[in-house]
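Some notes on the structure that comes next.
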Amino acid sequence: MMRFDGRVALVTGGGRGMGRAHCHLLAERGAKVVVNDFGVAMDGVVAVDTPAATVAGEIVNAGGEAIADHNDVSTPEGAQAMVHAAVEKWGRIDIVVHNAGIVRFAPFGEMSYEDYRSVMSVHLDGGFLVSRAAWPHMMAQKYGRIVFITSQAALAGLENNANYGAAKTGLVGLARGMALDGAQHGIKVNSVGVLALTRMMDGFFADPDDARPSIGAGGDAKDWWRTYVRPELTSPAIGYLAHEECPFTGEIFDTAAGRICHEYFAITEGFIDLNLTMESIRDNLEQLTSRAAGTRDFSNSVDFLQYQLNRLAQQPGVPPIPAK
């Protein structure tokens with residue numbers, strides 16, 4: 001069994017949904033866990049809530065070790081404080097899982113700067129700040145594992161969600177650069193696109209007049225998601241990338257409903273014209289864009305999601321996805 005005995009992990013946004021599942025998996029396998037959660041609503045508005053304490057209590061009651069942290073990951077002071085809590089309590093920090101996130105849906109033409117900036121600050125700034133706070137400790141011990149939670153919206157896009165896609169794409173770029181800088185220090189950094197029925201995804205079953213794109217109409221469809229697209233099914237991928245045996249760094253994976261795949265960048269063969277002109281580009285579009293057999297293109301993250309779920313529905317014993 002792959003275990004985390006002696007390791008200390010920090011999970012941001014660990015109080016609910018997928019974050020809670022990640023905390024439990026790490027703790028069940030021996031890690032000491034800082035459960036960070038600011039206790040906000042999905043739009044980032046501060047709510048009177050203490051989910052971090054609830055999850056930490058669940059872990060302790062089950063015989064594990066955990067402490068709650070309620071700091072804001074989007075501020076330098078908050079990020080430093082949660083890392084300090086780990087080091088002060090257990091003397092080290094080995095794992096950072098940046099799972100915290102908010103969402104503010106709006107068509108781009110109606111998206112305010114505050115809508116954009118608030119989403120970027122939690123996802124992208126938060127990833128930078130908490131990793132930067134943990135980095136010196138990881139360098140000193142010549143070991144670290146950092147996992148960023150990204151999204152299908154990062155590279156595929158999502159309607160009325162450009163701010164979220166930008167933030168998640170930024171995390172991928174941040175992770176790839178950090179992986180290069182961390183290699184000589186034993187620090188590995190990877191990104192994982194995840195999908196599960198959580199508070200955030202729950203909104204996708206909303207009124208069709210809402211700004212959010214719809215993936216289901218509730219009822220049977222939502223029950224199907226509860227059964228097969230559970231948050232707990234995303235955690236093994238995060239746990240694997242957080243483990244000392246993980247050979248990968250700077251990579252992107254995607255996991256949903258028990259399926260995991262590797263995402264990677266690819267380029268076409270293209271063409272060369274030493275006197276390149278606009279017209280030569282126009283006249284060589286087929287060579288420019290020709291892809292190898294077997295590759296797949298997705299125009300948006302909903303298409304990508306549908307492909308993932310259709311693959312799941314092909315498994316023996318899994319019923320078809322209920323129609324909208």
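If you're wondering about the labels, chains in the structure tokens are A, B, ... by order shown, residues count from 1 in each chain, ligands from 1 in order shown.
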Query - strand (DSSP E) residues, from DSSP on the backbone, in segment 55-265 of chain A, as a VMD selection string - result: chain A and resid 65 to 69 95 to 98 144 to 150 187 to 195 252 to 256 259 to 263
Kindly save the residues from that selection, with C-alpha atoms included, as a CSV table (one decimal), in the first residue's frame.
```csv
chain,number,residue,atom,x,y,z
A,65,GLU,CA,-3.8,13.6,12.8
A,66,ALA,CA,-5.2,16.9,11.5
A,67,ILE,CA,-5.6,20.5,12.4
A,68,ALA,CA,-8.0,23.1,10.9
A,69,ASP,CA,-6.9,26.4,9.3
A,95,ILE,CA,2.7,18.1,0.3
A,96,VAL,CA,0.6,21.0,-0.9
A,97,VAL,CA,-2.7,20.3,-2.7
A,98,HIS,CA,-4.1,23.6,-3.9
A,144,GLY,CA,8.3,18.2,-1.9
A,145,ARG,CA,5.1,17.4,-3.8
A,146,ILE,CA,2.8,20.1,-5.1
A,147,VAL,CA,-0.5,19.3,-6.8
A,148,PHE,CA,-2.6,22.0,-8.5
A,149,ILE,CA,-6.3,21.3,-9.2
A,150,THR,CA,-7.0,22.6,-12.6
A,187,ILE,CA,10.3,19.0,-5.6
A,188,LYS,CA,7.7,17.7,-8.1
A,189,VAL,CA,4.8,19.8,-9.3
A,190,ASN,CA,1.8,18.5,-11.3
A,191,SER,CA,-1.7,19.6,-12.3
A,192,VAL,CA,-4.9,17.5,-12.3
A,193,GLY,CA,-8.2,18.4,-14.0
A,194,VAL,CA,-10.9,17.0,-11.8
A,195,LEU,CA,-14.6,16.5,-12.2
A,252,ILE,CA,-1.2,17.4,-16.6
A,253,PHE,CA,-3.6,14.6,-15.8
A,254,ASP,CA,-7.4,14.5,-15.8
A,255,THR,CA,-9.6,12.3,-13.7
A,256,ALA,CA,-13.4,11.8,-13.4
A,259,ARG,CA,-11.1,7.3,-15.2
A,260,ILE,CA,-7.7,9.0,-15.4
A,261,CYS,CA,-5.9,10.2,-18.5
A,262,HIS,CA,-2.7,12.1,-19.4
A,263,GLU,CA,-3.0,15.4,-21.1
```
Requested in this report: Write out as a ChimeraX atom specification the residues lying within 10 Å of Arg291 of chain A, counting only C-alpha atoms and excluding same-chain residues fewer than 6 positions away.
Outcome: /A:266-270,297
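Of the residues under consideration (A:Val40, A:Ala179, A:Val55, A:Leu26), A:Val40 shows the shortest atom-to-atom contact distance to Val73 of chain A when counting only C-alpha atoms.
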Shell of 10 Å around Ala154 of chain A, only C-alpha atoms, local chain residues under 3 positions omitted, as a PDB file with C-alpha atoms, in the first residue's frame:
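Output saved as result_17.pdb:
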```pdb
ATOM      1  CA  THR A 150      -6.997  22.597 -12.650  1.00  0.00           C
ATOM      2  CA  SER A 151     -10.015  21.993 -14.876  1.00  0.00           C
ATOM      3  CA  GLY A 157     -12.908  26.641 -22.325  1.00  0.00           C
ATOM      4  CA  LEU A 158     -16.347  26.963 -20.782  1.00  0.00           C
ATOM      5  CA  ALA A 162     -13.667  32.835 -19.100  1.00  0.00           C
ATOM      6  CA  ASN A 163     -12.253  34.044 -15.777  1.00  0.00           C
ATOM      7  CA  TYR A 164     -12.247  30.513 -14.353  1.00  0.00           C
ATOM      8  CA  GLY A 165     -10.654  29.064 -17.489  1.00  0.00           C
ATOM      9  CA  ALA A 166      -7.938  31.720 -17.432  1.00  0.00           C
ATOM     10  CA  ALA A 167      -7.146  31.016 -13.787  1.00  0.00           C
ATOM     11  CA  LYS A 168      -6.972  27.255 -14.288  1.00  0.00           C
ATOM     12  CA  THR A 169      -4.818  27.607 -17.409  1.00  0.00           C
ATOM     13  CA  GLY A 170      -2.511  29.872 -15.442  1.00  0.00           C
ATOM     14  CA  LEU A 171      -2.062  27.144 -12.830  1.00  0.00           C
ATOM     15  CA  VAL A 172      -0.915  24.720 -15.545  1.00  0.00           C
ATOM     16  CA  GLY A 193      -8.153  18.393 -13.973  1.00  0.00           C
ATOM     17  CA  ASN A 300     -15.232  23.310 -25.185  1.00  0.00           C
ATOM     18  CA  SER A 301     -15.111  21.617 -21.802  1.00  0.00           C
TER      19      SER A 301
END
```
